[in-house]
Amino acid sequence: MYPLGKQFEISYKQAQGENKAIYKGTNYRITVITERVVRLEFSPKGEFVDAPTQLIKARSLGYPEFKVNQDTNFIEITTKYFRLMYTKRQPFVGTKMDPAKNLRITLMAREPERQRDWYYNHPEARNMNGNLVSIDVPVNKVLNKGLYSLEGFASINDTPNKILNPDGTFSERPEGSVDIYVFMYDHDFKQALLDYYKMTGFPELIPRYALGNWWCRNSDYDDAKLDELIKKFEKKKIPISIILLDNDWHYRNVGNYIGLKTGFTFNKSLLPNPKETIKKFHDRNIRFGLKINPEEGIYPHEMYYSQACNYLEIDGNKIITFDPLNPKLMDVYFKIFLHPLENLGVDFFWSDYKGKLNLTNLWFNNHYMYLDSGRNPIKRPMLLSRSAIFAPHRYPVLYGGSSEITWDELKKTPMRYLNAANIGVSWWSYDVSGNHGGIEESELYIRSLQLSVFSPILRFHAARGKYYKKEPWLWDPKTESIATNYLRLRHRLIPYLYTEAYNYTKSGTPLVQPFYYNYLWTYDDDLYKNQYYFGSQLLVCPILTKKDTVMDRTIHRFFIPDGTWYDFTTGKKFLGNRKYVSFYKDEDYPVFAHAGSIIPLSNRSDYNNTGIPTDMEIHIFPGVSNTYNLYDDDGVTSLYKEGYYLKTSIDYNYLKNNYTVILRSIDGKSGIVPPKRNYKIVFRNVKQAEDVNAYFNNEKINCKASVDGNDFIVEVKQVPTLGQLTISCKGNDIEIDAVRVINDDVKSILLDLKINTYLKEEIDRIMFGKDSISRKRISIRKLRRRGLSKEYMSLFLKLLEYISEF
């Protein structure tokens, strides 16, 4: 085998299942991996696989609890979650009349009505879908299956996947073999997902800068254009964390070769000194990425082409065919073409390789590229690529594909995040407001950007053309202002996002979790099925439809779960387990925090810098005590795996007239975060406390208290980050009982309408009077005689319908 390098070596340590949990015969083998997972192998020649595969890394997860009854012809295996019955030596497939004749796995459901059987080739029709390659690459629907199913079970077929050798190369499977993993979990999907991660590898922690705002456009950027672009962002105080160059950074038209997508040499007519160009970005705290696509091969005009030919021992002056399954070629690809680009300062690559729609080629390209990007133990690996379906959570970030600029595409986006969560994937990246075609509309741009702010990755990308409006300043002043504020909010959210990213890596809880996990009925309801939890503290109810142009607001319905929740922006209180309708202006977006939510935000003055902030703003919502563990590390290396991180506990103790916040370092090492920080604690929906004190350890320190609308704010300066900060607040009835009522929304609409003020007063009297709804309708219609237009009359009749619901 060709030695690829240490970074590609594969561990066999846990690849074989627990010996005491394996039952085999001449041509079958059954391995109980956990109480919820069983492996089924069948081989005509009795050849079984104990090596890692493209999907599976570990099968020894500890000895599971189960019982076995067997004789010479039958075996029965029972765990808490399933009962397996198999007729020995028989193929797993049954008959057309009885598909479970030879092999049957019964779900041991807690409710008898959920008890059902799985068998080989089961249709699993109630599976809630999983991942995709990208929206611009068609794949067989069977590959879109996830782990989450209404039936309480799912299977994963590992048969097509290749075996990985210890050196990172691969081998073919035994001919005719079958290798299937069946997950039987009933309602315990979270445990099944944890099993899946233990078998396939836990999600990788992405670099901190990846959580900021990405900028990319298919444009022939040169030094002058790039400098002008960044100065514009800086002038507008819009933060950018990544500049990603599309095709034109390399030579595209050379001799007879026109419009090349493949290239590895900087076009010197555009970027004559790429190292200096990249350094300028780094000096501004902006990371730099390049799009590459080796699908067309390696051309003779490349800077290091002759060296590649010499190493590969091939004749020059012809295109070198790219093959990710050729270890020697991949070694050349990395060392001769990609590593020199990294030496110039390139932080990561966007691989636009599709593998000619061959998932095996795509997977190996992603696998090798991602591992190579982390070959230096100091540098954290990073890659942007299409999903190769099998264990893509190991290779972040995923490129969603080129999308059209339409409302229909926006409507599909949330469900793509939710489906990905069903197979444990979070780091999907879709183009903000689409990439090509369509009609550029201000409202679509705003709603897509708002969704992206509360999505795993925020990335702009536009096709080639003068009339794509991705830059906020190309829009009208109102749209620009809204977009700018949300892009700033995204960077402010990074402390929260990065903590949730770490939790995803450690516990396997995806950043985006479908709302239907907890409220299954919403899956079949178009009004509520797109809602999702965004980390542990927030709920997002996306706006995916156009607004009512008369009221200049979007009529939006959403469902608030059990408990008490607060609008993240306004602080208005919403009582749980209820459906609501609200009317959202362009600048508003339905994001909610549960009672007791703790949201750490950055208050950096250097906007582009996504590193650990010295100025922090922590938002705390009242009603319930809570603890949130803020996570910090350097954000770019893998040293956190060796303990170089710091966790800071934010402990909120709530009483109606007395509440405290305690910040203290609880785990990790010193030197990770700045030695001192400024803290701005924002108590949402809270009146000014009468007695406020701040202590560091046991020593009283100065603090500043103020009120901003419905928020009470306490500020402390230059507090050591190692130790304990305590802020104590006392007062009578300090919580503001600002329950959201629909009347407030209607009054806001009425206030903004261009209607005679006397007429507004009359409408107000009718809308909020004590008459019945039917009499109010009559009174509104009569206002036609006083000049109320037909469209406004229709509007208020519609609003009466909403008022009658609540």
# chains A, B, ... in the order shown; residues from 1 in each chain; ligands from 1
>>> residues_around(residues="Lys798 (chain A)", least_positions_apart="5", cutoff="12 Å", atoms="only C-alpha atoms", output="list in words")
Asp548, Val550, Met551, Ile555, Val746, Met767, Ile773, Lys776, Arg777, Ile780, Glu791, Tyr792, Met793, Ile803, Ser804 and Glu805 of chain A
>>> write_last_selection(atoms="C-alpha atoms", output="PDB file, in the first residue's frame")
ATOM      1  CA  ASP A 548     -49.612  41.730   3.640  1.00  0.00           C
ATOM      2  CA  VAL A 550     -51.725  46.843   3.099  1.00  0.00           C
ATOM      3  CA  MET A 551     -50.695  46.461   6.738  1.00  0.00           C
ATOM      4  CA  ILE A 555     -49.159  37.595   9.282  1.00  0.00           C
ATOM      5  CA  VAL A 746     -53.388  45.802  15.985  1.00  0.00           C
ATOM      6  CA  MET A 767     -62.039  47.293  17.261  1.00  0.00           C
ATOM      7  CA  ILE A 773     -67.647  40.608  16.583  1.00  0.00           C
ATOM      8  CA  LYS A 776     -68.027  45.304  14.958  1.00  0.00           C
ATOM      9  CA  ARG A 777     -68.011  44.024  11.375  1.00  0.00           C
ATOM     10  CA  ILE A 780     -66.357  48.777  10.126  1.00  0.00           C
ATOM     11  CA  GLU A 791     -58.664  47.617   1.016  1.00  0.00           C
ATOM     12  CA  TYR A 792     -58.437  49.093   4.523  1.00  0.00           C
ATOM     13  CA  MET A 793     -61.951  47.909   5.317  1.00  0.00           C
ATOM     14  CA  ILE A 803     -58.834  39.199  17.558  1.00  0.00           C
ATOM     15  CA  SER A 804     -61.763  36.797  17.900  1.00  0.00           C
ATOM     16  CA  GLU A 805     -59.321  33.862  18.164  1.00  0.00           C
TER      17      GLU A 805
END
>>> residues_around(residues="Phe712 (chain A)", least_positions_apart="3", cutoff="9 Å", atoms="only C-alpha atoms", output="list in words")
Ile681, Val682, Phe683, Arg684, Asn685, Val686, Lys687, Gln688, Ala689, Ala705, Ser706, Val707, Asp708 and Gly709 of chain A
>>> residues_around(residues="region 12-16 of chain A", least_positions_apart="5", cutoff="8 Å", atoms="only C-alpha atoms", output="ChimeraX atom specification")
/A:50-52,56-61,166
>>> write_last_selection(atoms="N, CA, C and O atoms", output="mmCIF file, in the first residue's frame")
data_model
loop_
_atom_site.group_PDB
_atom_site.id
_atom_site.type_symbol
_atom_site.label_atom_id
_atom_site.label_comp_id
_atom_site.auth_asym_id
_atom_site.auth_seq_id
_atom_site.Cartn_x
_atom_site.Cartn_y
_atom_site.Cartn_z
ATOM 1 N N ASP A 50 -14.175 -7.103 10.463
ATOM 2 C CA ASP A 50 -13.870 -6.558 11.788
ATOM 3 C C ASP A 50 -13.058 -5.274 11.693
ATOM 4 O O ASP A 50 -12.514 -4.815 12.695
ATOM 5 N N ALA A 51 -12.988 -4.719 10.511
ATOM 6 C CA ALA A 51 -12.235 -3.491 10.288
ATOM 7 C C ALA A 51 -13.184 -2.296 10.209
ATOM 8 O O ALA A 51 -14.378 -2.458 9.974
ATOM 9 N N PRO A 52 -12.670 -1.088 10.404
ATOM 10 C CA PRO A 52 -13.503 0.103 10.188
ATOM 11 C C PRO A 52 -13.922 0.203 8.727
ATOM 12 O O PRO A 52 -13.236 -0.301 7.829
ATOM 13 N N ILE A 56 -18.477 3.191 9.695
ATOM 14 C CA ILE A 56 -18.338 2.703 11.071
ATOM 15 C C ILE A 56 -16.879 2.716 11.518
ATOM 16 O O ILE A 56 -16.004 2.161 10.853
ATOM 17 N N LYS A 57 -16.645 3.323 12.695
ATOM 18 C CA LYS A 57 -15.304 3.347 13.277
ATOM 19 C C LYS A 57 -15.176 2.413 14.472
ATOM 20 O O LYS A 57 -14.104 1.889 14.742
ATOM 21 N N ALA A 58 -16.268 2.242 15.217
ATOM 22 C CA ALA A 58 -16.198 1.461 16.464
ATOM 23 C C ALA A 58 -17.443 0.604 16.615
ATOM 24 O O ALA A 58 -18.564 1.048 16.317
ATOM 25 N N ARG A 59 -17.234 -0.624 17.104
ATOM 26 C CA ARG A 59 -18.357 -1.532 17.380
ATOM 27 C C ARG A 59 -18.300 -2.071 18.801
ATOM 28 O O ARG A 59 -19.228 -2.745 19.241
ATOM 29 N N SER A 60 -17.225 -1.782 19.492
ATOM 30 C CA SER A 60 -17.075 -2.197 20.881
ATOM 31 C C SER A 60 -17.369 -0.990 21.767
ATOM 32 O O SER A 60 -16.512 -0.139 22.001
ATOM 33 N N LEU A 61 -18.595 -0.915 22.260
ATOM 34 C CA LEU A 61 -19.032 0.251 23.045
ATOM 35 C C LEU A 61 -19.320 -0.127 24.488
ATOM 36 O O LEU A 61 -20.033 0.579 25.192
ATOM 37 N N PRO A 166 -5.452 0.157 7.919
ATOM 38 C CA PRO A 166 -4.796 0.951 8.975
ATOM 39 C C PRO A 166 -4.050 2.172 8.455
ATOM 40 O O PRO A 166 -3.957 3.184 9.145
#
>>> select_by_dssp(residues="region 106-237 of chain A", states="alpha helix (DSSP H)", output="PyMOL selection string")
chain A and resi 189-200+223-235
>>> write_last_selection(atoms="C-alpha atoms", output="PDB file, in the first residue's frame")
ATOM      1  CA  PHE A 189     -34.055   8.734  19.791  1.00  0.00           C
ATOM      2  CA  LYS A 190     -31.453  10.818  21.623  1.00  0.00           C
ATOM      3  CA  GLN A 191     -29.881   7.633  22.996  1.00  0.00           C
ATOM      4  CA  ALA A 192     -29.924   6.032  19.545  1.00  0.00           C
ATOM      5  CA  LEU A 193     -28.204   9.094  18.096  1.00  0.00           C
ATOM      6  CA  LEU A 194     -25.591   8.853  20.833  1.00  0.00           C
ATOM      7  CA  ASP A 195     -25.001   5.205  19.882  1.00  0.00           C
ATOM      8  CA  TYR A 196     -24.639   6.294  16.264  1.00  0.00           C
ATOM      9  CA  TYR A 197     -22.001   8.877  17.180  1.00  0.00           C
ATOM     10  CA  LYS A 198     -20.074   6.349  19.273  1.00  0.00           C
ATOM     11  CA  MET A 199     -20.003   4.032  16.258  1.00  0.00           C
ATOM     12  CA  THR A 200     -19.287   6.596  13.541  1.00  0.00           C
ATOM     13  CA  ASP A 223      -6.534  43.402  -5.171  1.00  0.00           C
ATOM     14  CA  ALA A 224      -8.236  46.726  -5.829  1.00  0.00           C
ATOM     15  CA  LYS A 225     -11.756  45.250  -5.822  1.00  0.00           C
ATOM     16  CA  LEU A 226     -11.087  43.245  -2.673  1.00  0.00           C
ATOM     17  CA  ASP A 227      -9.657  46.270  -0.927  1.00  0.00           C
ATOM     18  CA  GLU A 228     -12.675  48.353  -1.948  1.00  0.00           C
ATOM     19  CA  LEU A 229     -15.047  45.591  -0.758  1.00  0.00           C
ATOM     20  CA  ILE A 230     -13.482  45.290   2.693  1.00  0.00           C
ATOM     21  CA  LYS A 231     -13.277  49.045   3.178  1.00  0.00           C
ATOM     22  CA  LYS A 232     -16.973  49.232   2.378  1.00  0.00           C
ATOM     23  CA  PHE A 233     -17.780  46.603   4.998  1.00  0.00           C
ATOM     24  CA  GLU A 234     -15.604  48.446   7.501  1.00  0.00           C
ATOM     25  CA  LYS A 235     -17.162  51.825   6.707  1.00  0.00           C
TER      26      LYS A 235
END
>>> closest_residue(among="A:Lys6, A:Arg380, A:Lys470, A:Arg416", to="Ser455 (chain A)", atoms="only C-alpha atoms")
A:Arg416
>>> select_by_dssp(residues="region 241-274 of chain A", states="strand (DSSP E or B)", output="number ranges by chain")
A: 242-245, 250, 254, 257, 266
>>> residues_around(residues="region 352-356 of chain A", least_positions_apart="4", cutoff="10 Å", atoms="only C-alpha atoms", output="number ranges by chain")
A: 133-134, 137, 246-247, 261-262, 291-296, 322-324, 360-366, 384-388, 399, 401
>>> write_last_selection(atoms="N, CA, C and O atoms", output="CSV table (one decimal), in the first residue's frame")
chain,number,residue,atom,x,y,z
A,133,VAL,N,-27.0,15.1,-0.6
A,133,VAL,CA,-25.7,15.5,-1.1
A,133,VAL,C,-25.6,17.0,-1.2
A,133,VAL,O,-24.8,17.7,-0.6
A,134,SER,N,-26.5,17.6,-1.9
A,134,SER,CA,-26.7,19.1,-2.0
A,134,SER,C,-28.0,19.3,-2.9
A,134,SER,O,-28.4,18.3,-3.6
A,137,VAL,N,-27.7,18.4,-6.6
A,137,VAL,CA,-27.2,17.0,-7.0
A,137,VAL,C,-28.3,16.0,-6.7
A,137,VAL,O,-28.6,15.8,-5.5
A,246,ASP,N,-14.3,32.5,-5.4
A,246,ASP,CA,-14.9,31.5,-6.3
A,246,ASP,C,-13.8,31.2,-7.4
A,246,ASP,O,-12.6,31.4,-7.1
A,247,ASN,N,-14.3,30.8,-8.5
A,247,ASN,CA,-13.4,30.3,-9.6
A,247,ASN,C,-12.3,31.2,-10.0
A,247,ASN,O,-11.2,30.7,-10.4
A,261,LYS,N,-12.8,25.2,-14.5
A,261,LYS,CA,-13.2,25.3,-13.1
A,261,LYS,C,-12.1,24.8,-12.2
A,261,LYS,O,-12.1,25.0,-11.0
A,262,THR,N,-11.2,24.0,-12.8
A,262,THR,CA,-10.1,23.5,-12.1
A,262,THR,C,-8.9,24.4,-12.2
A,262,THR,O,-8.6,25.0,-13.2
A,291,LYS,N,-12.0,28.3,-3.5
A,291,LYS,CA,-12.8,27.3,-4.1
A,291,LYS,C,-11.9,26.5,-5.0
A,291,LYS,O,-11.2,27.1,-5.9
A,292,ILE,N,-11.9,25.2,-4.9
A,292,ILE,CA,-11.2,24.3,-5.8
A,292,ILE,C,-12.1,23.2,-6.3
A,292,ILE,O,-13.0,22.8,-5.6
A,293,ASN,N,-11.8,22.7,-7.5
A,293,ASN,CA,-12.6,21.6,-8.0
A,293,ASN,C,-11.7,20.8,-9.0
A,293,ASN,O,-11.5,21.2,-10.1
A,294,PRO,N,-11.2,19.7,-8.5
A,294,PRO,CA,-10.2,18.9,-9.3
A,294,PRO,C,-10.9,18.0,-10.4
A,294,PRO,O,-10.2,17.2,-11.0
A,295,GLU,N,-12.2,18.1,-10.5
A,295,GLU,CA,-12.9,17.2,-11.4
A,295,GLU,C,-12.4,17.1,-12.8
A,295,GLU,O,-12.4,16.1,-13.4
A,296,GLU,N,-12.0,18.3,-13.3
A,296,GLU,CA,-11.5,18.3,-14.7
A,296,GLU,C,-10.0,17.9,-14.8
A,296,GLU,O,-9.5,17.7,-16.0
A,322,PHE,N,-7.9,13.2,-12.4
A,322,PHE,CA,-8.1,13.2,-10.9
A,322,PHE,C,-8.8,11.9,-10.5
A,322,PHE,O,-9.9,11.6,-11.0
A,323,ASP,N,-8.3,11.3,-9.5
A,323,ASP,CA,-8.9,10.0,-8.9
A,323,ASP,C,-8.7,10.0,-7.4
A,323,ASP,O,-7.6,9.7,-7.0
A,324,PRO,N,-9.7,10.3,-6.6
A,324,PRO,CA,-9.5,10.3,-5.2
A,324,PRO,C,-9.3,8.9,-4.6
A,324,PRO,O,-8.9,8.8,-3.4
A,360,THR,N,-19.0,7.3,-3.7
A,360,THR,CA,-17.7,6.8,-3.2
A,360,THR,C,-16.6,7.8,-3.4
A,360,THR,O,-15.7,8.1,-2.6
A,361,ASN,N,-16.5,8.3,-4.7
A,361,ASN,CA,-15.4,9.2,-5.0
A,361,ASN,C,-15.6,10.5,-4.2
A,361,ASN,O,-14.6,11.0,-3.7
A,362,LEU,N,-16.8,11.0,-4.0
A,362,LEU,CA,-17.0,12.2,-3.2
A,362,LEU,C,-16.6,12.0,-1.8
A,362,LEU,O,-16.0,12.8,-1.2
A,363,TRP,N,-17.0,10.8,-1.2
A,363,TRP,CA,-16.7,10.6,0.2
A,363,TRP,C,-15.2,10.5,0.4
A,363,TRP,O,-14.7,11.1,1.4
A,364,PHE,N,-14.4,9.8,-0.5
A,364,PHE,CA,-13.0,9.7,-0.2
A,364,PHE,C,-12.3,11.0,-0.4
A,364,PHE,O,-11.3,11.4,0.3
A,365,ASN,N,-12.8,11.8,-1.4
A,365,ASN,CA,-12.2,13.1,-1.5
A,365,ASN,C,-12.4,14.0,-0.3
A,365,ASN,O,-11.5,14.6,0.2
A,366,ASN,N,-13.6,14.0,0.3
A,366,ASN,CA,-13.9,14.8,1.5
A,366,ASN,C,-13.1,14.2,2.7
A,366,ASN,O,-12.5,15.0,3.4
A,384,LEU,N,-15.1,23.0,3.3
A,384,LEU,CA,-16.5,23.2,2.8
A,384,LEU,C,-16.7,22.3,1.6
A,384,LEU,O,-15.9,22.4,0.7
A,385,SER,N,-17.7,21.4,1.7
A,385,SER,CA,-17.9,20.5,0.6
A,385,SER,C,-19.3,19.9,0.6
A,385,SER,O,-20.0,20.1,1.6
A,386,ARG,N,-19.7,19.3,-0.4
A,386,ARG,CA,-21.0,18.6,-0.5
A,386,ARG,C,-20.9,17.4,0.4
A,386,ARG,O,-19.9,16.8,0.7
A,387,SER,N,-22.1,17.0,0.9
A,387,SER,CA,-22.2,15.8,1.7
A,387,SER,C,-22.1,14.6,0.9
A,387,SER,O,-22.7,14.4,-0.1
A,388,ALA,N,-21.3,13.6,1.4
A,388,ALA,CA,-21.2,12.3,0.8
A,388,ALA,C,-22.1,11.3,1.5
A,388,ALA,O,-21.9,10.1,1.4
A,399,TYR,N,-21.7,22.1,2.1
A,399,TYR,CA,-22.2,23.1,1.1
A,399,TYR,C,-23.5,22.7,0.5
A,399,TYR,O,-23.7,21.6,0.0
A,401,GLY,N,-25.2,23.7,-2.0
A,401,GLY,CA,-25.5,23.7,-3.4
A,401,GLY,C,-26.0,25.0,-3.9
A,401,GLY,O,-26.4,25.9,-3.1
>>> closest_atom_pairs(of="region 192-290 of chain A", to="region 480-500 of chain A", cutoff="8 Å", atoms="only C-alpha atoms", output="JSON lines")
{"residue": "A:Arg208", "atom": "CA", "partner": "A:Tyr498", "partner_atom": "CA", "distance": 6.5}
{"residue": "A:Leu211", "atom": "CA", "partner": "A:Ile494", "partner_atom": "CA", "distance": 6.4}
{"residue": "A:Gly212", "atom": "CA", "partner": "A:His491", "partner_atom": "CA", "distance": 5.5}
{"residue": "A:Asn213", "atom": "CA", "partner": "A:Leu487", "partner_atom": "CA", "distance": 7.1}
{"residue": "A:Lys236", "atom": "CA", "partner": "A:Thr484", "partner_atom": "CA", "distance": 7.9}
{"residue": "A:Lys237", "atom": "CA", "partner": "A:Thr484", "partner_atom": "CA", "distance": 8.0}
{"residue": "A:Ile238", "atom": "CA", "partner": "A:Thr484", "partner_atom": "CA", "distance": 6.0}
{"residue": "A:Pro239", "atom": "CA", "partner": "A:Arg488", "partner_atom": "CA", "distance": 6.2}
>>> write_last_selection(atoms="C-alpha atoms", output="short mmCIF file (atom, residue, chain, number, x, y, z; two decimals), in the first residue's frame")
data_model
loop_
_atom_site.label_atom_id
_atom_site.label_comp_id
_atom_site.auth_asym_id
_atom_site.auth_seq_id
_atom_site.Cartn_x
_atom_site.Cartn_y
_atom_site.Cartn_z
CA ARG A 208 -14.75 29.72 15.80
CA LEU A 211 -19.66 30.92 12.93
CA GLY A 212 -19.30 34.47 11.65
CA ASN A 213 -20.43 36.04 8.36
CA LYS A 236 -20.63 50.35 7.23
CA LYS A 237 -19.39 48.56 10.37
CA ILE A 238 -20.61 45.24 9.01
CA PRO A 239 -18.55 42.34 10.38
#
>>> atom_distance(atom1="CA of Ile336 (chain A)", atom2="CA of Ile286 (chain A)")
25.9 Å
>>> atom_distance(atom1="CA of Met415 (chain A)", atom2="CA of Asn530 (chain A)")
6.1 Å
>>> closest_residue(among="A:Ile163, A:Val432, A:Met97, A:Ile598", to="Leu458 (chain A)", atoms="only C-alpha atoms")
A:Val432
>>> residues_around(residues="Leu147 (chain A)", least_positions_apart="2", cutoff="10 Å", atoms="only C-alpha atoms", output="PyMOL selection string")
chain A and resi 127-130+145+149+152-156+182-185+189+192-193+196+419-424
>>> residues_around(residues="region 677-680 of chain A", least_positions_apart="6", cutoff="6 Å", atoms="only C-alpha atoms", output="PyMOL selection string")
chain A and resi 614-617+714-719
>>> residues_around(residues="Gly563 (chain A)", least_positions_apart="6", cutoff="8 Å", atoms="only C-alpha atoms", output="number ranges by chain")
A: 575-577, 594-595
>>> atom_distance(atom1="CA of Ile620 (chain A)", atom2="CA of Gln537 (chain A)")
10.5 Å
>>> closest_residue(among="A:Asn157, A:Asn253, A:Thr505, A:Asn693", to="Tyr640 (chain A)", atoms="only C-alpha atoms")
A:Thr505
